[in-house]
>>> print(open('my_file.csv').read())   # CSV, C-alpha atoms
chain,number,residue,atom,x,y,z
A,1,MET,CA,49.4,-32.3,-1.3
A,2,ASN,CA,45.7,-32.9,-2.1
A,3,LEU,CA,46.5,-33.4,-5.8
A,4,LEU,CA,49.3,-35.9,-4.9
A,5,ARG,CA,46.9,-37.8,-2.7
A,6,LYS,CA,44.5,-38.1,-5.5
A,7,ILE,CA,47.2,-39.3,-7.9
A,8,LEU,CA,48.1,-42.0,-5.3
A,9,PHE,CA,44.5,-43.3,-5.2
A,10,PRO,CA,45.4,-46.6,-6.9
A,11,PHE,CA,47.9,-47.3,-4.1
A,12,ALA,CA,45.2,-46.6,-1.5
A,13,ILE,CA,43.0,-49.2,-3.2
A,14,LEU,CA,45.9,-51.7,-3.1
A,15,TYR,CA,46.7,-50.8,0.6
A,16,GLY,CA,43.1,-51.3,1.5
A,17,PHE,CA,43.0,-54.7,-0.2
A,18,ILE,CA,46.1,-55.9,1.6
A,19,THR,CA,44.9,-54.8,5.1
A,20,SER,CA,41.5,-56.3,4.4
A,21,ILE,CA,43.1,-59.7,3.6
A,22,ARG,CA,45.2,-59.4,6.7
A,23,ASN,CA,42.1,-58.7,8.9
A,24,PHE,CA,40.2,-61.6,7.2
A,25,LEU,CA,43.0,-64.0,8.0
A,26,PHE,CA,43.0,-62.9,11.6
A,27,ASP,CA,39.2,-63.0,11.8
A,28,LYS,CA,39.1,-66.6,10.5
A,29,GLY,CA,42.0,-67.7,12.8
A,30,ILE,CA,44.4,-68.5,9.9
A,31,LEU,CA,46.7,-65.9,11.4
A,32,LYS,CA,47.2,-66.4,15.1
A,33,SER,CA,45.9,-64.0,17.8
A,34,THR,CA,46.9,-64.6,21.4
A,35,SER,CA,44.3,-64.1,24.1
A,36,PHE,CA,45.1,-63.7,27.8
A,37,ASP,CA,43.2,-64.7,31.0
A,38,ILE,CA,43.0,-61.2,32.4
A,39,PRO,CA,41.1,-58.2,31.2
A,40,VAL,CA,42.9,-56.5,28.3
A,41,ILE,CA,41.5,-53.2,27.0
A,42,ALA,CA,42.8,-51.9,23.7
A,43,VAL,CA,42.4,-48.2,22.8
A,44,GLY,CA,43.2,-47.0,19.3
A,45,ASN,CA,41.9,-45.5,16.1
A,46,LEU,CA,41.6,-46.3,12.4
A,47,SER,CA,43.4,-43.2,11.2
A,48,VAL,CA,46.9,-41.7,11.6
A,49,GLY,CA,47.1,-38.5,13.7
A,50,GLY,CA,45.9,-37.4,17.0
A,51,THR,CA,42.5,-38.6,18.2
A,52,GLY,CA,43.1,-38.2,21.9
A,53,LYS,CA,44.3,-41.6,22.9
A,54,THR,CA,46.5,-40.3,25.8
A,55,PRO,CA,43.7,-38.6,27.7
A,56,GLN,CA,41.4,-41.6,27.1
A,57,ILE,CA,44.0,-44.0,28.6
A,58,GLU,CA,44.4,-41.6,31.5
A,59,TYR,CA,40.6,-41.6,32.0
A,60,LEU,CA,40.6,-45.4,32.2
A,61,ILE,CA,43.5,-45.4,34.6
A,62,ARG,CA,41.5,-43.1,36.9
A,63,LEU,CA,38.4,-45.2,36.5
A,64,LEU,CA,40.1,-48.5,37.3
A,65,SER,CA,43.1,-48.0,39.5
A,66,ASP,CA,41.3,-47.6,42.8
A,67,HIS,CA,40.0,-51.2,42.4
A,68,TYR,CA,42.6,-53.1,40.3
A,69,LYS,CA,46.3,-53.2,39.7
A,70,ILE,CA,46.7,-51.5,36.4
A,71,ALA,CA,49.5,-51.7,33.7
A,72,THR,CA,49.7,-49.7,30.5
A,73,LEU,CA,51.5,-51.2,27.5
A,74,SER,CA,52.6,-49.0,24.6
A,75,ARG,CA,54.9,-49.4,21.7
A,76,GLY,CA,56.9,-46.4,23.0
A,77,TYR,CA,56.9,-44.5,19.7
A,78,LYS,CA,60.3,-42.8,18.9
A,79,ARG,CA,62.0,-44.1,22.1
A,80,LYS,CA,65.7,-44.9,22.0
A,81,SER,CA,65.4,-48.2,23.7
A,82,GLU,CA,64.5,-51.6,22.3
A,83,GLY,CA,62.4,-54.6,23.4
A,84,PHE,CA,60.5,-54.8,26.6
A,85,VAL,CA,61.1,-52.1,29.2
A,86,LEU,CA,59.3,-51.7,32.5
A,87,ALA,CA,59.4,-48.1,33.8
A,88,ASP,CA,61.4,-47.5,37.0
A,89,ALA,CA,63.1,-44.6,38.7
A,90,ASN,CA,65.8,-44.5,36.0
A,91,SER,CA,63.3,-44.1,33.2
A,92,ASN,CA,62.9,-41.0,31.1
A,93,ALA,CA,61.1,-40.0,27.8
A,94,GLU,CA,64.0,-41.2,25.7
A,95,ILE,CA,63.8,-44.7,27.2
A,96,LEU,CA,60.0,-45.0,27.3
A,97,GLY,CA,58.7,-42.5,24.7
A,98,ASP,CA,56.9,-39.4,25.8
A,99,GLU,CA,53.3,-40.7,26.4
A,100,PRO,CA,54.3,-43.8,28.5
A,101,PHE,CA,56.7,-41.6,30.5
A,102,GLN,CA,53.8,-39.2,31.1
A,103,PHE,CA,51.7,-42.1,32.4
A,104,TYR,CA,54.6,-43.1,34.7
A,105,GLN,CA,55.0,-39.6,36.0
A,106,LYS,CA,51.3,-39.0,36.7
A,107,PHE,CA,50.3,-42.4,38.1
A,108,PRO,CA,53.0,-43.8,40.3
A,109,ASN,CA,50.8,-46.6,41.6
A,110,ILE,CA,50.5,-48.3,38.2
A,111,GLN,CA,53.0,-50.3,36.0
A,112,VAL,CA,54.0,-48.7,32.8
A,113,ALA,CA,55.7,-50.8,30.1
A,114,VAL,CA,56.7,-50.5,26.4
A,115,ASP,CA,57.2,-53.2,23.8
A,116,ALA,CA,56.5,-53.1,20.1
A,117,ASN,CA,55.7,-56.8,20.4
A,118,ARG,CA,52.5,-56.6,22.5
A,119,THR,CA,52.3,-60.3,23.0
A,120,ASN,CA,55.7,-60.4,24.5
A,121,GLY,CA,55.0,-57.3,26.5
A,122,ILE,CA,51.9,-58.8,28.1
A,123,THR,CA,53.7,-62.0,28.8
A,124,GLN,CA,56.5,-60.1,30.5
A,125,LEU,CA,54.1,-58.1,32.6
A,126,LEU,CA,52.3,-61.3,33.7
A,127,SER,CA,55.6,-62.8,34.7
A,128,GLN,CA,56.3,-60.0,37.2
A,129,LYS,CA,56.0,-60.8,40.9
A,130,ASN,CA,53.5,-58.0,41.3
A,131,LYS,CA,51.6,-58.8,38.1
A,132,PRO,CA,48.8,-56.5,36.9
A,133,GLU,CA,45.1,-57.4,37.1
A,134,VAL,CA,44.1,-55.2,34.1
A,135,ILE,CA,46.2,-54.2,31.1
A,136,LEU,CA,45.5,-51.1,29.0
A,137,LEU,CA,46.9,-51.4,25.4
A,138,ASP,CA,47.8,-47.9,24.1
A,139,ASP,CA,47.4,-47.5,20.3
A,140,ALA,CA,47.0,-51.2,19.6
A,141,TYR,CA,43.8,-51.3,17.5
A,142,GLN,CA,45.7,-52.7,14.5
A,143,HIS,CA,47.9,-55.0,16.6
A,144,ARG,CA,45.9,-58.2,15.8
A,145,LYS,CA,48.5,-60.6,17.2
A,146,VAL,CA,47.0,-59.8,20.5
A,147,LYS,CA,43.2,-60.4,20.9
A,148,ALA,CA,42.1,-57.9,23.4
A,149,GLY,CA,38.9,-58.6,25.4
A,150,PHE,CA,37.6,-55.1,24.9
A,151,TYR,CA,38.2,-52.6,22.1
A,152,ILE,CA,37.6,-48.8,22.4
A,153,LEU,CA,37.9,-47.0,19.0
A,154,LEU,CA,38.4,-43.3,18.9
A,155,THR,CA,37.6,-41.0,16.0
A,156,SER,CA,37.9,-37.2,16.0
A,157,TYR,CA,34.8,-35.0,15.6
A,158,ASP,CA,36.3,-33.0,12.7
A,159,ASP,CA,37.9,-36.1,11.0
A,160,LEU,CA,35.5,-39.0,11.3
A,161,TYR,CA,36.7,-42.3,9.9
A,162,ALA,CA,33.3,-42.5,8.1
A,163,ASP,CA,34.4,-39.5,6.0
A,164,ASP,CA,37.9,-40.7,5.4
A,165,PHE,CA,39.7,-43.0,3.0
A,166,MET,CA,42.7,-45.4,3.0
A,167,LEU,CA,46.3,-44.2,3.0
A,168,PRO,CA,47.9,-42.5,1.1
A,169,THR,CA,44.8,-40.8,-0.4
A,170,GLY,CA,43.2,-40.4,3.1
A,171,ASN,CA,44.4,-41.1,6.6
A,172,LEU,CA,42.9,-44.5,7.4
A,173,ARG,CA,45.3,-47.3,8.5
A,174,GLU,CA,42.6,-49.9,7.6
A,175,SER,CA,39.2,-49.9,6.1
A,176,ARG,CA,36.2,-48.4,7.9
A,177,SER,CA,34.9,-52.0,8.5
A,178,GLY,CA,37.6,-52.3,11.1
A,179,ALA,CA,35.3,-50.4,13.4
A,180,ASN,CA,33.3,-53.6,13.7
A,181,ARG,CA,35.8,-54.9,16.3
A,182,ALA,CA,35.0,-52.1,18.7
A,183,LYS,CA,32.7,-52.6,21.6
A,184,ILE,CA,32.7,-48.8,22.1
A,185,VAL,CA,33.3,-46.0,19.7
A,186,ILE,CA,34.1,-42.6,21.1
A,187,VAL,CA,33.9,-39.4,19.0
A,188,THR,CA,36.6,-37.2,20.6
A,189,LYS,CA,37.5,-33.5,20.5
A,190,CYS,CA,33.8,-32.5,20.1
A,191,PRO,CA,32.5,-29.0,20.9
A,192,SER,CA,31.6,-29.2,24.6
A,193,GLU,CA,27.9,-28.2,23.8
A,194,LEU,CA,27.3,-30.7,21.0
A,195,SER,CA,23.6,-31.1,20.7
A,196,ASP,CA,21.7,-34.4,20.9
A,197,GLU,CA,20.5,-33.9,17.3
A,198,LYS,CA,24.1,-33.6,16.1
A,199,GLN,CA,25.1,-36.6,18.1
A,200,ALA,CA,22.3,-38.6,16.5
A,201,GLU,CA,23.4,-37.5,13.1
A,202,ILE,CA,27.0,-38.7,13.7
A,203,ARG,CA,25.8,-42.0,15.1
A,204,LEU,CA,23.8,-42.5,11.9
A,205,LYS,CA,26.9,-41.8,9.8
A,206,LEU,CA,29.1,-44.2,11.8
A,207,ASN,CA,26.5,-47.0,11.1
A,208,LEU,CA,27.3,-49.0,14.2
A,209,SER,CA,25.7,-52.3,15.0
A,210,CYS,CA,23.2,-52.8,17.8
A,211,SER,CA,25.9,-54.4,20.0
A,212,GLN,CA,28.1,-51.3,19.8
A,213,GLN,CA,27.9,-48.2,22.0
A,214,SER,CA,28.9,-44.7,21.1
A,215,PHE,CA,29.9,-41.8,23.2
A,216,PHE,CA,31.0,-38.2,22.7
A,217,THR,CA,33.8,-36.4,24.6
A,218,PHE,CA,35.6,-33.1,24.5
A,219,ILE,CA,39.1,-32.0,25.5
A,220,ASP,CA,38.9,-30.3,28.8
A,221,TYR,CA,41.8,-27.9,29.6
A,222,ASP,CA,43.0,-27.3,33.1
A,223,ASP,CA,42.4,-23.9,34.7
A,224,GLU,CA,46.1,-23.7,35.6
A,225,ILE,CA,49.5,-24.1,34.0
A,226,TYR,CA,52.3,-25.9,35.9
A,227,SER,CA,56.1,-25.8,36.3
A,228,LYS,CA,58.6,-27.4,38.6
A,229,GLU,CA,58.2,-24.4,40.9
A,230,GLY,CA,54.4,-24.0,41.0
A,231,LYS,CA,51.3,-23.1,39.1
A,232,ILE,CA,49.6,-20.1,37.6
A,233,ALA,CA,46.0,-19.5,36.7
A,234,VAL,CA,45.2,-19.6,33.0
A,235,ASN,CA,43.1,-16.5,33.3
A,236,GLN,CA,46.2,-14.7,34.7
A,237,ILE,CA,48.6,-15.9,32.0
A,238,ARG,CA,46.3,-15.5,29.0
A,239,SER,CA,46.8,-11.8,28.6
A,240,GLU,CA,50.6,-12.0,29.2
A,241,SER,CA,53.0,-12.1,26.3
A,242,LYS,CA,54.5,-15.6,26.0
A,243,LEU,CA,55.8,-18.3,23.7
A,244,LEU,CA,53.5,-21.3,23.0
A,245,LEU,CA,55.2,-24.5,22.0
A,246,ALA,CA,53.7,-27.8,20.7
A,247,GLY,CA,55.0,-31.0,19.2
A,248,ILE,CA,51.7,-32.8,18.8
A,249,ALA,CA,49.6,-33.9,15.9
A,250,LYS,CA,46.9,-31.3,16.1
A,251,PRO,CA,48.1,-28.3,18.1
A,252,LYS,CA,45.6,-25.7,17.1
A,253,PRO,CA,43.1,-26.2,20.0
A,254,PHE,CA,46.0,-25.9,22.5
A,255,PHE,CA,47.1,-22.6,20.9
A,256,ASP,CA,43.6,-21.2,20.7
A,257,TYR,CA,43.0,-21.9,24.3
A,258,LEU,CA,46.0,-19.9,25.5
A,259,LYS,CA,47.1,-17.4,22.9
A,260,ASN,CA,46.6,-13.7,22.5
A,261,GLU,CA,47.6,-11.5,19.6
A,262,ASN,CA,51.1,-10.9,20.9
A,263,ASP,CA,52.0,-14.5,21.4
A,264,GLU,CA,54.3,-16.5,19.2
A,265,CYS,CA,53.3,-20.1,18.4
A,266,LEU,CA,56.0,-22.7,17.6
A,267,THR,CA,55.0,-26.0,16.1
A,268,PHE,CA,57.2,-29.1,15.9
A,269,PRO,CA,56.4,-32.6,14.5
A,270,ASP,CA,54.5,-35.0,16.7
A,271,HIS,CA,56.8,-36.8,19.2
A,272,HIS,CA,59.7,-34.5,18.2
A,273,HIS,CA,63.1,-35.0,19.9
A,274,PHE,CA,64.3,-31.5,20.7
A,275,SER,CA,68.0,-31.0,19.7
A,276,ASP,CA,70.4,-28.6,21.3
A,277,ALA,CA,69.9,-26.3,18.3
A,278,ASP,CA,66.1,-26.5,18.8
A,279,LEU,CA,66.4,-25.5,22.5
A,280,GLU,CA,68.7,-22.7,21.6
A,281,SER,CA,66.3,-21.4,19.0
A,282,ILE,CA,63.3,-21.7,21.3
A,283,GLN,CA,65.1,-19.9,24.1
A,284,ASN,CA,66.1,-17.0,21.8
A,285,LYS,CA,62.6,-16.7,20.5
A,286,ALA,CA,61.2,-16.7,24.0
A,287,ASN,CA,63.6,-13.9,25.0
A,288,GLY,CA,63.0,-14.3,28.7
A,289,LYS,CA,59.2,-14.8,28.4
A,290,LYS,CA,57.3,-17.8,29.8
A,291,ILE,CA,57.2,-20.9,27.5
A,292,ILE,CA,54.0,-22.9,27.7
A,293,THR,CA,53.8,-26.3,26.2
A,294,THR,CA,51.7,-29.4,26.2
A,295,GLU,CA,52.0,-32.0,28.9
A,296,LYS,CA,53.3,-34.5,26.4
A,297,ASP,CA,56.1,-32.1,25.3
A,298,TYR,CA,56.9,-31.1,28.8
A,299,VAL,CA,58.1,-34.6,29.8
A,300,ARG,CA,60.7,-34.3,27.0
A,301,LEU,CA,61.7,-30.7,27.9
A,302,LYS,CA,61.5,-30.6,31.7
A,303,ASP,CA,65.2,-31.4,32.2
A,304,SER,CA,66.4,-29.1,29.5
A,305,LYS,CA,67.9,-25.6,29.6
A,306,LEU,CA,64.4,-24.2,29.2
A,307,VAL,CA,63.2,-25.4,32.6
A,308,SER,CA,63.4,-22.1,34.4
A,309,GLN,CA,60.7,-20.6,32.1
A,310,LEU,CA,58.8,-23.7,31.1
A,311,TYR,CA,55.2,-24.5,32.0
A,312,TYR,CA,52.7,-27.0,30.7
A,313,LEU,CA,48.9,-27.2,30.4
A,314,PRO,CA,47.2,-30.5,31.4
A,315,ILE,CA,44.2,-31.8,29.5
A,316,LYS,CA,41.7,-34.5,30.1
A,317,SER,CA,38.9,-36.3,28.2
A,318,THR,CA,35.4,-35.3,29.5
A,319,PHE,CA,32.1,-37.0,28.4
A,320,ILE,CA,29.4,-34.7,27.1
A,321,ASN,CA,26.8,-37.1,28.5
A,322,HIS,CA,26.2,-40.7,29.5
A,323,GLN,CA,29.5,-41.0,31.3
A,324,GLN,CA,28.0,-43.3,33.9
A,325,ASN,CA,27.0,-45.7,31.1
A,326,PHE,CA,30.5,-45.7,29.7
A,327,ASP,CA,32.0,-46.4,33.2
A,328,ALA,CA,29.5,-49.1,33.9
A,329,THR,CA,30.2,-50.9,30.6
A,330,VAL,CA,34.0,-50.9,31.2
A,331,LEU,CA,33.7,-51.9,34.9
A,332,GLU,CA,31.3,-54.7,34.0
A,333,TYR,CA,33.7,-56.1,31.4
A,334,VAL,CA,36.6,-56.0,33.8
A,335,LYS,CA,34.6,-57.6,36.6
A,336,ILE,CA,33.4,-60.5,34.5
A,337,SER,CA,36.7,-61.1,32.8
A,338,SER,CA,38.7,-61.0,36.0
A,339,GLY,CA,36.2,-63.2,37.9
A,340,SER,CA,36.0,-60.6,40.7
>>> encode(input="my_file.csv", output="structure tokens")
Amino acid sequence: MNLLRKILFPFAILYGFITSIRNFLFDKGILKSTSFDIPVIAVGNLSVGGTGKTPQIEYLIRLLSDHYKIATLSRGYKRKSEGFVLADANSNAEILGDEPFQFYQKFPNIQVAVDANRTNGITQLLSQKNKPEVILLDDAYQHRKVKAGFYILLTSYDDLYADDFMLPTGNLRESRSGANRAKIVIVTKCPSELSDEKQAEIRLKLNLSCSQQSFFTFIDYDDEIYSKEGKIAVNQIRSESKLLLAGIAKPKPFFDYLKNENDECLTFPDHHHFSDADLESIQNKANGKKIITTEKDYVRLKDSKLVSQLYYLPIKSTFINHQQNFDATVLEYVKISSGS
């Protein structure tokens, strides 16, 4: 695969050239971007693959939802519906996609919508009788047809955009200069004890402007796993023989947190739709043992034949330091932009 990526280097140069022209045309106003008169916060990344967007969106929901009416707007990747959909009691992961459905399940007091056309999605949300006061755009960093008021760029500690290259040679969707649009850059999935010296080294590598802020977070796993019937302490379950199941971009940390030498780990593609044959195979491999999966996978599996032995492990994004500065910056933007 590495050899193939090197062979495709000329295509990476071409792809980078095309995306740079596109960004130039949006920056100069030749291609139209639509702005809205309410706070719109876009969370995304420059690269393909998991950088922790879902826990970061959830962090923002918790930060803002006590003070403002919040809506999330996602594309709804791999959903089986089309166009604009506003989540309601009849929604499921097939209609919304797994991550938006997870938002809907966890935060019943917010609005959750999906639309590949973010401009139309925001317009539809603002036409609702109970319209939101703040909109969080999930994975919309490259969706330039909407001009968000505030951009948060995520980059993984072990896969910094500064060390990466354009597709298909690397994993970047656009050139590193796209980071210039961000007000805040968050280095995610860091070691929880990342030193100040290492943080300074990474900041230097990211080469941010004086108007940009950087923060460092780590994935904080819950102390308990959950099912429809109840919960069990992780310390209790860790030594038990079990089946670990993940259909996410980078499952290794999830497996490492829970597994022991007797466990079997099953990996599926990110956002995988589990077929009847998949479920049968998983059940046979589990052989009556508990099945522990990610929260994102759980929303697609909770109504399946696996439910009686199925558990999930929640995660959240936790700041290593300077959390109050991050909160204050976001809250100030929302306050000023909403006129509150």
>>> closest_residue(input="my_file.csv", among="A:Thr19, A:Thr294, A:Asn109, A:Asn325", to="Ile225 of chain A", atoms="all atoms listed in the file")
A:Thr294
>>> closest_residue(input="my_file.csv", among="A:Ile291, A:Ile219, A:Cys210, A:Ala246", to="Gln56 of chain A", atoms="all atoms listed in the file")
A:Ile219
>>> residues_near_point(input="my_file.csv", point="(59.2, -50.0, 30.2)", cutoff="7 Å", atoms="all atoms listed in the file", output="list in words")
Phe84, Val85, Leu86, Ala87, Leu96, Val112, Ala113 and Val114 of chain A
>>> residues_around(input="my_file.csv", residues="Ile292 of chain A", least_positions_apart="3", cutoff="7 Å", atoms="only C-alpha atoms", output="ChimeraX atom specification")
/A:243-245,310-312
>>> write_last_selection(input="my_file.csv", atoms="C-alpha atoms", output="compact mmCIF listing (two decimals), in the coordinates of the input")
# COMPACT_ATOMS: atom_id res chain seq x y z
CA LEU A 243 55.80 -18.30 23.70
CA LEU A 244 53.50 -21.30 23.00
CA LEU A 245 55.20 -24.50 22.00
CA LEU A 310 58.80 -23.70 31.10
CA TYR A 311 55.20 -24.50 32.00
CA TYR A 312 52.70 -27.00 30.70
>>> residues_around(input="my_file.csv", residues="segment 126-133 of chain A", least_positions_apart="5", cutoff="7 Å", atoms="only C-alpha atoms", output="PyMOL selection string")
chain A and resi 38+68-71
>>> build_atoms(input="my_file.csv", residues="segment 218-251 of chain A", atoms="N, CA and C atoms", output="compact mmCIF listing (two decimals), in the coordinates of the input")
# COMPACT_ATOMS: atom_id res chain seq x y z
N PHE A 218 34.90 -34.28 24.89
CA PHE A 218 35.60 -33.10 24.50
C PHE A 218 36.90 -32.96 25.29
N ILE A 219 37.86 -32.23 24.76
CA ILE A 219 39.10 -32.00 25.50
C ILE A 219 38.87 -30.88 26.49
N ASP A 220 39.09 -31.20 27.74
CA ASP A 220 38.90 -30.30 28.80
C ASP A 220 40.22 -29.78 29.34
N TYR A 221 40.48 -28.51 29.15
CA TYR A 221 41.80 -27.90 29.60
C TYR A 221 41.75 -27.53 31.01
N ASP A 222 42.88 -27.68 31.67
CA ASP A 222 43.00 -27.30 33.10
C ASP A 222 42.88 -25.78 33.21
N ASP A 223 42.53 -25.34 34.41
CA ASP A 223 42.40 -23.90 34.70
C ASP A 223 43.76 -23.29 35.08
N GLU A 224 44.79 -24.15 35.19
CA GLU A 224 46.10 -23.70 35.60
C GLU A 224 47.19 -24.28 34.76
N ILE A 225 48.32 -23.57 34.64
CA ILE A 225 49.50 -24.10 34.00
C ILE A 225 50.51 -24.44 35.13
N TYR A 226 51.40 -25.39 34.88
CA TYR A 226 52.30 -25.90 35.90
C TYR A 226 53.73 -25.89 35.50
N SER A 227 54.61 -25.73 36.49
CA SER A 227 56.10 -25.80 36.30
C SER A 227 56.64 -26.59 37.45
N LYS A 228 57.95 -26.75 37.45
CA LYS A 228 58.60 -27.40 38.60
C LYS A 228 58.47 -26.58 39.87
N GLU A 229 58.24 -25.29 39.70
CA GLU A 229 58.20 -24.40 40.90
C GLU A 229 56.81 -24.14 41.38
N GLY A 230 55.79 -24.34 40.56
CA GLY A 230 54.40 -24.00 41.00
C GLY A 230 53.44 -23.97 39.89
N LYS A 231 52.41 -23.18 40.08
CA LYS A 231 51.30 -23.10 39.10
C LYS A 231 50.81 -21.68 38.99
N ILE A 232 50.18 -21.38 37.84
CA ILE A 232 49.60 -20.10 37.60
C ILE A 232 48.26 -20.25 36.93
N ALA A 233 47.28 -19.45 37.30
CA ALA A 233 46.00 -19.50 36.70
C ALA A 233 46.01 -19.15 35.23
N VAL A 234 45.28 -19.89 34.41
CA VAL A 234 45.20 -19.60 33.00
C VAL A 234 44.71 -18.20 32.72
N ASN A 235 43.70 -17.80 33.46
CA ASN A 235 43.10 -16.50 33.30
C ASN A 235 44.18 -15.36 33.53
N GLN A 236 45.11 -15.66 34.40
CA GLN A 236 46.20 -14.70 34.70
C GLN A 236 47.20 -14.64 33.57
N ILE A 237 47.51 -15.79 32.99
CA ILE A 237 48.60 -15.90 32.00
C ILE A 237 48.11 -15.56 30.59
N ARG A 238 46.80 -15.66 30.34
CA ARG A 238 46.30 -15.50 29.00
C ARG A 238 46.64 -14.20 28.33
N SER A 239 46.58 -13.13 29.11
CA SER A 239 46.80 -11.80 28.60
C SER A 239 48.32 -11.44 28.52
N GLU A 240 49.15 -12.26 29.13
CA GLU A 240 50.60 -12.00 29.20
C GLU A 240 51.26 -12.46 27.88
N SER A 241 52.27 -11.71 27.44
CA SER A 241 53.00 -12.10 26.30
C SER A 241 53.87 -13.33 26.57
N LYS A 242 53.82 -14.36 25.72
CA LYS A 242 54.50 -15.60 26.00
C LYS A 242 54.75 -16.38 24.72
N LEU A 243 55.49 -17.47 24.85
CA LEU A 243 55.80 -18.30 23.70
C LEU A 243 55.01 -19.65 23.92
N LEU A 244 54.22 -20.04 22.94
CA LEU A 244 53.50 -21.30 23.00
C LEU A 244 54.16 -22.31 22.10
N LEU A 245 54.37 -23.50 22.62
CA LEU A 245 55.20 -24.50 22.00
C LEU A 245 54.47 -25.84 21.96
N ALA A 246 54.38 -26.49 20.79
CA ALA A 246 53.70 -27.80 20.70
C ALA A 246 54.34 -28.69 19.69
N GLY A 247 54.58 -29.93 20.09
CA GLY A 247 55.00 -31.00 19.20
C GLY A 247 54.04 -32.12 19.21
N ILE A 248 52.79 -31.83 18.84
CA ILE A 248 51.70 -32.80 18.80
C ILE A 248 51.06 -32.81 17.45
N ALA A 249 50.20 -33.79 17.20
CA ALA A 249 49.60 -33.90 15.90
C ALA A 249 48.74 -32.79 15.46
N LYS A 250 47.91 -32.32 16.38
CA LYS A 250 46.90 -31.30 16.10
C LYS A 250 46.98 -30.20 17.16
N PRO A 251 47.90 -29.23 17.04
CA PRO A 251 48.10 -28.30 18.10
C PRO A 251 47.16 -27.08 18.17
